[in-house]
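Everything below belongs to run26.csv, which stores CSV, C-alpha atoms.
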chain,number,residue,atom,x,y,z
A,1,MET,CA,15.3,140.3,41.7
A,2,LYS,CA,15.0,139.4,45.4
A,3,LEU,CA,11.2,139.5,45.2
A,4,LYS,CA,11.0,137.0,42.5
A,5,HIS,CA,13.2,134.6,44.4
A,6,THR,CA,11.1,135.0,47.4
A,7,PHE,CA,8.0,134.0,45.5
A,8,LEU,CA,9.4,131.0,43.6
A,9,PRO,CA,9.1,128.5,46.5
A,10,LEU,CA,5.5,129.7,47.2
A,11,VAL,CA,4.6,129.3,43.5
A,12,PHE,CA,6.1,125.8,43.5
A,13,ILE,CA,4.3,124.7,46.7
A,14,CYS,CA,1.0,126.2,45.6
A,15,SER,CA,1.3,124.5,42.2
A,16,LEU,CA,1.8,121.1,43.7
A,17,ALA,CA,-1.4,121.6,45.7
A,18,GLY,CA,-3.4,122.4,42.6
A,19,CYS,CA,-3.9,126.0,43.5
A,20,THR,CA,-6.4,127.6,41.1
A,21,GLY,CA,-6.2,131.1,42.2
A,22,SER,CA,-6.8,133.1,45.4
A,23,HIS,CA,-7.0,136.7,46.5
A,24,GLU,CA,-3.3,136.9,47.3
A,25,SER,CA,-1.3,134.8,44.8
A,26,GLY,CA,-3.7,133.3,42.4
A,27,PRO,CA,-2.9,135.0,39.1
A,28,LEU,CA,0.8,134.4,39.5
A,29,VAL,CA,0.2,130.7,39.6
A,30,ALA,CA,-2.9,130.1,37.5
A,31,ALA,CA,-1.4,131.6,34.4
A,32,GLU,CA,1.7,129.4,34.5
A,33,THR,CA,0.4,125.9,35.3
A,34,ASN,CA,-1.9,123.1,34.3
A,35,THR,CA,-3.2,121.6,37.5
A,36,GLU,CA,-4.4,118.4,35.8
A,37,GLN,CA,-0.8,117.4,34.9
A,38,LEU,CA,0.7,118.1,38.3
A,39,PRO,CA,2.2,115.1,40.0
A,40,ALA,CA,0.3,115.4,43.3
A,41,ARG,CA,1.1,112.8,46.0
A,42,PRO,CA,-1.9,112.6,48.3
A,43,THR,CA,-0.2,110.4,50.9
A,44,ALA,CA,-2.0,111.4,54.1
A,45,SER,CA,-5.6,110.1,54.5
A,46,LEU,CA,-8.6,112.4,54.6
A,47,GLN,CA,-8.9,111.5,58.3
A,48,GLU,CA,-5.3,112.5,58.9
A,49,ILE,CA,-5.9,115.8,57.2
A,50,MET,CA,-8.9,116.3,59.4
A,51,LEU,CA,-7.0,115.4,62.6
A,52,GLY,CA,-3.6,116.8,61.8
A,53,VAL,CA,-4.3,119.9,59.8
A,54,ILE,CA,-7.9,121.1,60.1
A,55,ASP,CA,-8.5,120.4,63.8
A,56,PRO,CA,-5.4,122.1,65.3
A,57,ASN,CA,-5.8,125.1,63.1
A,58,VAL,CA,-9.6,125.6,63.5
A,59,ASP,CA,-9.3,124.9,67.2
A,60,ALA,CA,-6.8,127.7,67.6
A,61,LEU,CA,-9.2,130.1,65.8
A,62,TRP,CA,-12.2,128.9,67.8
A,63,ASN,CA,-10.5,129.0,71.2
A,64,SER,CA,-9.0,132.5,70.6
A,65,ILE,CA,-12.3,134.1,71.6
A,66,SER,CA,-14.5,133.0,74.5
A,67,THR,CA,-16.6,134.5,77.3
A,68,THR,CA,-17.2,132.5,80.5
A,69,ILE,CA,-19.6,133.7,83.1
A,70,SER,CA,-19.5,131.9,86.5
A,71,ALA,CA,-19.7,132.6,90.2
A,72,GLU,CA,-16.0,133.7,90.0
A,73,GLY,CA,-17.0,136.5,87.5
A,74,ILE,CA,-16.6,137.1,83.8
A,75,THR,CA,-13.5,135.8,82.0
A,76,GLU,CA,-13.0,137.0,78.4
A,77,VAL,CA,-10.4,135.5,76.2
A,78,ARG,CA,-9.4,137.6,73.2
A,79,PRO,CA,-6.4,138.0,70.9
A,80,GLU,CA,-4.5,140.9,72.3
A,81,THR,CA,-0.9,141.2,71.2
A,82,GLU,CA,0.4,141.5,67.7
A,83,GLU,CA,2.0,138.1,68.3
A,84,ASP,CA,-1.5,136.7,69.1
A,85,TRP,CA,-2.9,138.1,65.8
A,86,GLN,CA,0.1,136.9,63.8
A,87,THR,CA,-0.3,133.3,65.2
A,88,LEU,CA,-4.0,133.4,64.3
A,89,TYR,CA,-3.2,134.6,60.8
A,90,HIS,CA,-1.0,131.6,60.2
A,91,HIS,CA,-3.7,129.2,61.5
A,92,ALA,CA,-6.3,130.9,59.3
A,93,ILE,CA,-4.2,130.8,56.1
A,94,LEU,CA,-3.4,127.1,56.7
A,95,LEU,CA,-7.1,126.3,57.2
A,96,ARG,CA,-8.0,128.2,54.0
A,97,GLU,CA,-5.4,126.3,52.1
A,98,VAL,CA,-6.8,123.0,53.1
A,99,TYR,CA,-9.2,123.3,50.2
A,100,ASN,CA,-6.4,122.4,47.9
A,101,LEU,CA,-5.5,119.3,49.9
A,102,LEU,CA,-9.1,118.2,50.0
A,103,ILE,CA,-9.7,118.4,46.3
A,104,ILE,CA,-6.7,116.4,45.2
A,105,PRO,CA,-8.3,113.3,43.6
A,106,GLY,CA,-7.3,109.8,44.8
A,107,ARG,CA,-6.8,110.5,48.5
A,108,LYS,CA,-7.8,107.6,50.8
A,109,VAL,CA,-10.5,108.4,53.4
A,110,ALA,CA,-8.6,106.5,56.1
A,111,HIS,CA,-5.7,104.1,56.2
A,112,GLU,CA,-6.3,100.5,56.9
A,113,ASN,CA,-7.1,99.7,60.6
A,114,SER,CA,-8.2,103.3,61.2
A,115,SER,CA,-11.8,103.7,62.1
A,116,THR,CA,-14.0,106.6,61.0
A,117,SER,CA,-17.1,105.2,62.7
A,118,THR,CA,-16.7,105.8,66.5
A,119,TYR,CA,-20.5,105.7,66.7
A,120,PRO,CA,-23.1,103.7,64.7
A,121,THR,CA,-24.4,106.7,62.8
A,122,GLU,CA,-21.0,107.5,61.4
A,123,LEU,CA,-20.0,105.8,58.2
A,124,HIS,CA,-17.0,103.6,57.6
A,125,ALA,CA,-14.2,104.8,55.4
A,126,ASP,CA,-15.3,102.8,52.3
A,127,GLN,CA,-18.8,104.2,52.6
A,128,ILE,CA,-17.5,107.7,52.9
A,129,GLY,CA,-15.2,107.2,50.0
A,130,ASN,CA,-18.1,105.9,47.8
A,131,LEU,CA,-20.2,108.9,48.7
A,132,ILE,CA,-17.4,111.3,47.9
A,133,HIS,CA,-16.7,109.6,44.6
A,134,SER,CA,-20.4,109.6,43.6
A,135,HIS,CA,-20.9,113.2,44.7
A,136,TRP,CA,-17.5,114.7,43.8
A,137,PRO,CA,-18.8,118.1,42.7
A,138,ASP,CA,-20.7,118.5,46.0
A,139,PHE,CA,-17.5,117.5,47.9
A,140,VAL,CA,-15.5,120.1,46.0
A,141,ALA,CA,-18.2,122.7,46.7
A,142,ARG,CA,-18.2,121.8,50.4
A,143,ALA,CA,-14.4,122.2,50.5
A,144,ALA,CA,-14.7,125.5,48.7
A,145,ALA,CA,-17.2,126.7,51.4
A,146,LEU,CA,-14.6,125.9,54.0
A,147,HIS,CA,-12.1,128.0,52.0
A,148,ASP,CA,-14.5,130.9,51.8
A,149,ALA,CA,-15.3,130.7,55.5
A,150,ALA,CA,-11.6,130.6,56.4
A,151,GLN,CA,-11.2,133.6,54.1
A,152,LEU,CA,-13.6,135.5,56.4
A,153,ALA,CA,-11.3,134.6,59.3
A,154,VAL,CA,-8.3,135.8,57.4
A,155,ASP,CA,-10.1,139.1,56.6
A,156,ALA,CA,-11.2,139.5,60.3
A,157,ILE,CA,-7.7,138.9,61.5
A,158,LYS,CA,-6.2,141.4,59.1
A,159,GLN,CA,-8.7,143.9,60.4
A,160,ARG,CA,-8.0,142.9,64.1
A,161,ASN,CA,-11.8,142.5,64.4
A,162,VAL,CA,-12.8,140.2,67.2
A,163,ASP,CA,-16.5,140.2,66.4
A,164,ALA,CA,-15.9,139.4,62.8
A,165,LEU,CA,-13.5,136.6,63.8
A,166,GLU,CA,-16.1,135.1,66.1
A,167,ALA,CA,-18.6,135.2,63.3
A,168,ALA,CA,-16.2,133.6,61.0
A,169,GLY,CA,-15.7,130.8,63.5
A,170,SER,CA,-19.5,130.2,63.3
A,171,PHE,CA,-19.4,130.1,59.5
A,172,ILE,CA,-16.5,127.7,59.6
A,173,GLU,CA,-18.4,125.4,62.0
A,174,ALA,CA,-21.4,125.5,59.7
A,175,THR,CA,-19.4,124.5,56.7
A,176,CYS,CA,-17.8,121.6,58.7
A,177,GLU,CA,-21.2,120.4,59.8
A,178,ALA,CA,-22.7,120.7,56.3
A,179,CYS,CA,-20.0,118.5,54.8
A,180,HIS,CA,-20.0,116.0,57.7
A,181,SER,CA,-23.8,115.8,57.5
A,182,GLN,CA,-23.5,114.8,53.8
A,183,PHE,CA,-20.5,112.5,53.8
A,184,TRP,CA,-19.8,111.3,57.3
A,185,TYR,CA,-23.1,110.9,59.1
A,186,PRO,CA,-25.8,111.6,56.4
A,187,GLY,CA,-29.3,112.1,57.7
A,188,ASP,CA,-28.3,112.5,61.3
A,189,ALA,CA,-29.6,115.7,62.9
A,190,PRO,CA,-31.5,116.8,66.0
A,191,PRO,CA,-35.2,116.4,65.6
A,192,GLY,CA,-36.7,119.3,63.7
A,193,VAL,CA,-33.5,120.4,62.1
A,194,VAL,CA,-33.6,120.5,58.3
A,195,LEU,CA,-30.2,119.7,56.8
A,196,GLN,CA,-29.0,121.9,53.9
B,197,MET,CA,-16.6,121.2,104.5
B,198,PRO,CA,-19.7,119.0,104.6
B,199,TYR,CA,-19.6,115.9,102.5
B,200,ASN,CA,-22.6,116.9,100.4
B,201,LYS,CA,-20.9,120.2,99.5
B,202,LEU,CA,-17.7,118.4,98.5
B,203,LEU,CA,-19.8,116.1,96.3
B,204,GLN,CA,-21.6,118.9,94.8
B,205,LEU,CA,-18.4,120.7,93.9
B,206,ALA,CA,-17.0,117.6,92.4
B,207,LEU,CA,-20.0,117.1,90.2
B,208,VAL,CA,-19.9,120.7,89.0
B,209,GLY,CA,-16.3,120.1,88.1
B,210,ILE,CA,-17.1,117.0,86.1
B,211,VAL,CA,-20.1,118.6,84.4
B,212,SER,CA,-18.1,121.7,83.5
B,213,SER,CA,-15.3,119.8,82.0
B,214,PHE,CA,-17.6,117.8,79.7
B,215,SER,CA,-17.8,120.4,77.0
B,216,ILE,CA,-14.1,120.3,76.5
B,217,ASN,CA,-14.2,116.6,76.0
B,218,SER,CA,-17.1,116.8,73.6
B,219,SER,CA,-15.8,119.5,71.4
B,220,ALA,CA,-14.7,117.1,68.7
B,221,HIS,CA,-17.0,116.9,65.8
B,222,HIS,CA,-19.4,114.0,65.9
B,223,ALA,CA,-23.0,113.2,64.8
B,224,PHE,CA,-25.8,114.4,67.0
B,225,SER,CA,-27.0,111.0,67.8
B,226,ALA,CA,-23.5,110.0,68.8
B,227,GLU,CA,-23.9,112.0,71.9
B,228,PHE,CA,-27.6,112.8,72.3
B,229,ASP,CA,-30.8,110.8,72.3
B,230,ALA,CA,-33.6,112.0,70.1
B,231,ASN,CA,-35.9,109.7,71.9
B,232,GLN,CA,-35.3,111.3,75.2
B,233,PRO,CA,-36.7,114.8,75.1
B,234,ILE,CA,-36.2,116.7,78.4
B,235,GLU,CA,-37.4,119.9,80.0
B,236,LEU,CA,-35.7,121.3,83.1
B,237,LYS,CA,-36.1,124.3,85.2
B,238,GLY,CA,-33.2,125.7,87.1
B,239,VAL,CA,-30.9,128.6,87.9
B,240,VAL,CA,-27.9,129.5,85.8
B,241,SER,CA,-24.5,128.7,87.4
B,242,LYS,CA,-22.2,129.0,84.4
B,243,LEU,CA,-22.3,130.2,80.8
B,244,GLU,CA,-19.5,129.5,78.2
B,245,LEU,CA,-19.8,131.3,74.9
B,246,VAL,CA,-17.2,129.8,72.6
B,247,ASN,CA,-17.0,128.3,69.1
B,248,PRO,CA,-18.0,125.9,67.9
B,249,HIS,CA,-20.6,125.3,70.6
B,250,SER,CA,-21.6,127.3,73.7
B,251,TRP,CA,-22.6,125.6,77.0
B,252,LEU,CA,-25.0,126.6,79.7
B,253,TYR,CA,-24.8,125.1,83.2
B,254,PHE,CA,-27.7,125.4,85.6
B,255,ASP,CA,-28.7,124.0,89.0
B,256,VAL,CA,-31.9,122.0,89.2
B,257,SER,CA,-33.5,121.3,92.6
B,258,THR,CA,-34.0,117.6,93.0
B,259,GLU,CA,-36.9,115.9,94.8
B,260,ASN,CA,-34.8,115.4,98.0
B,261,GLY,CA,-34.0,119.1,98.1
B,262,GLU,CA,-30.5,119.0,96.8
B,263,LYS,CA,-29.1,120.6,93.7
B,264,ALA,CA,-28.1,118.8,90.5
B,265,THR,CA,-26.0,120.7,88.0
B,266,TRP,CA,-26.9,120.1,84.3
B,267,GLY,CA,-24.9,121.2,81.2
B,268,PHE,CA,-26.6,121.8,77.9
B,269,GLU,CA,-25.0,122.4,74.5
B,270,PHE,CA,-26.0,125.6,72.7
B,271,GLY,CA,-25.2,127.0,69.3
B,272,SER,CA,-22.2,129.1,68.4
B,273,PRO,CA,-21.9,132.6,70.1
B,274,PHE,CA,-22.6,134.3,66.7
B,275,SER,CA,-25.7,132.2,66.0
B,276,LEU,CA,-27.0,132.9,69.6
B,277,LYS,CA,-26.2,136.6,69.1
B,278,GLN,CA,-28.3,136.6,65.9
B,279,LYS,CA,-31.2,135.4,68.0
B,280,GLY,CA,-30.7,138.0,70.6
B,281,LEU,CA,-29.0,135.9,73.2
B,282,THR,CA,-25.8,137.4,74.6
B,283,LYS,CA,-23.8,137.2,77.8
B,284,SER,CA,-26.1,139.8,79.4
B,285,THR,CA,-29.1,137.6,78.8
B,286,LEU,CA,-28.1,134.8,81.1
B,287,PRO,CA,-26.2,136.2,84.2
B,288,ILE,CA,-25.6,133.9,87.1
B,289,GLY,CA,-28.7,133.3,89.1
B,290,THR,CA,-31.1,133.7,86.1
B,291,GLU,CA,-34.1,131.3,86.3
B,292,VAL,CA,-34.3,129.3,83.1
B,293,THR,CA,-36.4,126.5,81.6
B,294,VAL,CA,-34.4,124.5,79.0
B,295,LYS,CA,-36.0,122.1,76.5
B,296,GLY,CA,-33.8,119.7,74.6
B,297,TYR,CA,-32.6,116.1,74.5
B,298,ARG,CA,-30.6,114.1,77.0
B,299,ALA,CA,-27.1,112.8,76.5
B,300,LYS,CA,-26.8,109.1,75.8
B,301,ASN,CA,-24.2,108.7,78.5
B,302,GLY,CA,-26.9,109.0,81.2
B,303,LEU,CA,-25.1,111.9,82.9
B,304,ASN,CA,-26.6,115.4,83.5
B,305,PHE,CA,-26.0,116.7,80.0
B,306,GLY,CA,-28.2,117.6,77.1
B,307,TYR,CA,-28.6,119.3,73.8
B,308,ALA,CA,-30.6,122.5,74.1
B,309,VAL,CA,-33.4,123.3,71.7
B,310,SER,CA,-34.7,126.3,73.5
B,311,VAL,CA,-34.3,128.3,76.7
B,312,THR,CA,-37.1,130.3,78.3
B,313,LEU,CA,-36.5,133.1,80.9
B,314,ALA,CA,-38.8,133.8,83.9
B,315,ASP,CA,-40.5,136.6,82.1
B,316,GLY,CA,-41.5,134.2,79.3
B,317,LYS,CA,-39.0,135.4,76.7
B,318,SER,CA,-37.8,132.4,74.8
B,319,PHE,CA,-34.8,131.7,72.5
B,320,VAL,CA,-34.2,128.9,70.1
B,321,THR,CA,-30.7,128.0,71.0
B,322,GLY,CA,-29.8,125.5,68.3
B,323,GLY,CA,-26.7,123.5,68.2
B,324,ALA,CA,-24.3,121.7,65.9
B,325,PRO,CA,-26.3,121.7,62.7
B,326,ASP,CA,-27.8,125.1,63.3
B,327,ALA,CA,-26.1,127.0,60.5
B,328,PRO,CA,-26.0,130.7,60.8
B,329,ALA,CA,-28.8,132.4,58.7
B,330,ALA,CA,-26.3,134.4,56.7
B,331,GLN,CA,-24.0,131.6,55.7
B,332,PRO,CA,-21.8,132.7,52.7
B,333,ALA,CA,-22.7,130.9,49.5
B,334,PRO,CA,-20.0,128.4,48.5
B,335,SER,CA,-17.9,129.7,45.6
B,336,THR,CA,-17.8,127.7,42.4
B,337,PRO,CA,-14.4,126.1,42.1
Translate the structure of the given file into C-alpha cells.
Amino acid sequence: MKLKHTFLPLVFICSLAGCTGSHESGPLVAAETNTEQLPARPTASLQEIMLGVIDPNVDALWNSISTTISAEGITEVRPETEEDWQTLYHHAILLREVYNLLIIPGRKVAHENSSTSTYPTELHADQIGNLIHSHWPDFVARAAALHDAAQLAVDAIKQRNVDALEAAGSFIEATCEACHSQFWYPGDAPPGVVLQ
Amino acid sequence: MPYNKLLQLALVGIVSSFSINSSAHHAFSAEFDANQPIELKGVVSKLELVNPHSWLYFDVSTENGEKATWGFEFGSPFSLKQKGLTKSTLPIGTEVTVKGYRAKNGLNFGYAVSVTLADGKSFVTGGAPDAPAAQPAPSTP
C-alpha cells in the first residue's frame, strides 16, 4: 500500500493544522479527526506568520508577472519553464494553507518587544488581539477569503494561465487589504474610498 | 556629462526604486497625506504594471525649466485592466494629468486617484484599498 503510506504524513500534518477539508485532500482528513481536540501548538506569532510565511510566498506569486515600460523598451516577466510553474505552485499551496495557521485559537499577535505599529494609524499588538478576539467570526472569514483567493492562484498555475494568475494576485491583495483594514489599521483609507 | 543631467539621472533612479521599498503592506496614511491633494501634468517616463501595486513615473516641467520626475502608486494590473487601462494606454512620452495625494516623506511621490490623457479620457486608478469589482465571496468556514 505505497499510496497509503505516502498520504499518512500529509494526513497527520493537515490534522495538526486543523484542516477541515479542501479540494484535494479534505474528505480523507475530515472524516477521521475532531479538530477541537487536536493539540495545536501556535508558537509563532501572527506577525511572524505574516512576515515569515505569507510575505515570501505571496511576493513570489506577485513578482512572477510584471510589465515594465521605460525608455529602454518593454520588459515582461512571466513564468516560462516547467520549473518556474512548479515553484509557483509550491508558493501558492503554502499561501492557501495559511488559512489553517491563522484560525488556530490562542496565537499571539506579536511577541513581546515586537512592534506592529510602525506608523501612528497602525494598532499595537494588544489592540489587534482584542479586535480579533471580539470579531473572531470575521477574522476567520477574512482568512477563508485568503484561502479562496490563493485557490484561484493554484488553479491558474495548474492551467499555466498567466492572465488568471495576475488576476488572482489582485484578489489576494484585496483580501489582505480587507483584513488589514479591519484589524490592523481600521478606518484608514484614501479619501473617497469606502472600506468593505 | 553635464552636472544637471547626472543629477536628473540620479533622481530618476531614486524615484524608480521607491516602489520596491514601499511594497510592504502599510496603512494609506502611513505613506500618503490625505490633507495634501495634488494635481500634476507631465510626460510618462516609466510604467510598472505589477502586483500588488503598479507605479507610473512621469516628468514634470518645473518653473525653472528643468524636469522633475514623479512616481505615483496605482492599483493592481488586473484592477487597472478592468478599468480599461493597459500597457498600451500609457506608452513613454504620453502626456498625462495625475490627481492624487502627496507622500508624507516630502519627496516626489504620490498616491494616484485618477489619470487623464491629453484627449480627455480619464481613468480612476485606485490603489491599495481598491478591491477588484469581481472579488470572490469568502467561503463560510
### Query
Hey, which of A:Ser114, A:Arg41, A:Thr75, A:Asp59 ends up closest to Lys242 of chain B? Count all atoms listed in the file.
A:Thr75
### Message
Counting all atoms listed in the file, a student should be able to say which residues of chain A come within 8 Å of chain B; what is the right answer, written as a PyMOL selection string?
### Response
chain A and resi 62-63+65-71+119-122+140-142+144-145+148-149+166-167+169-171+173-174+177-178+181+185+188-191+193+195
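Between atom CA of Ala299 of chain B and atom CA of Thr258 of chain B there is a distance of 18.5 Å.
When the distance limit is 9 Å and all atoms listed in the file are what count, the residues near Ala143 of chain A, minus those fewer than 3 positions from it on the same chain, are Val98, Tyr99, Asn100, Leu102, Ile103, Asp138, Phe139, Val140, Leu146, His147, Asp148, Thr175, Cys176 and Cys179 of chain A; Pro334 of chain B.
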Write a file of the just-selected residues containing C-alpha atoms, as a PDB file, in the coordinates of the input.
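Final file, part17.pdb:
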ATOM      1  CA  VAL A  98      -6.800 123.000  53.100  1.00  0.00           C
ATOM      2  CA  TYR A  99      -9.200 123.300  50.200  1.00  0.00           C
ATOM      3  CA  ASN A 100      -6.400 122.400  47.900  1.00  0.00           C
ATOM      4  CA  LEU A 102      -9.100 118.200  50.000  1.00  0.00           C
ATOM      5  CA  ILE A 103      -9.700 118.400  46.300  1.00  0.00           C
ATOM      6  CA  ASP A 138     -20.700 118.500  46.000  1.00  0.00           C
ATOM      7  CA  PHE A 139     -17.500 117.500  47.900  1.00  0.00           C
ATOM      8  CA  VAL A 140     -15.500 120.100  46.000  1.00  0.00           C
ATOM      9  CA  LEU A 146     -14.600 125.900  54.000  1.00  0.00           C
ATOM     10  CA  HIS A 147     -12.100 128.000  52.000  1.00  0.00           C
ATOM     11  CA  ASP A 148     -14.500 130.900  51.800  1.00  0.00           C
ATOM     12  CA  THR A 175     -19.400 124.500  56.700  1.00  0.00           C
ATOM     13  CA  CYS A 176     -17.800 121.600  58.700  1.00  0.00           C
ATOM     14  CA  CYS A 179     -20.000 118.500  54.800  1.00  0.00           C
TER      15      CYS A 179
ATOM     16  CA  PRO B 334     -20.000 128.400  48.500  1.00  0.00           C
TER      17      PRO B 334
END
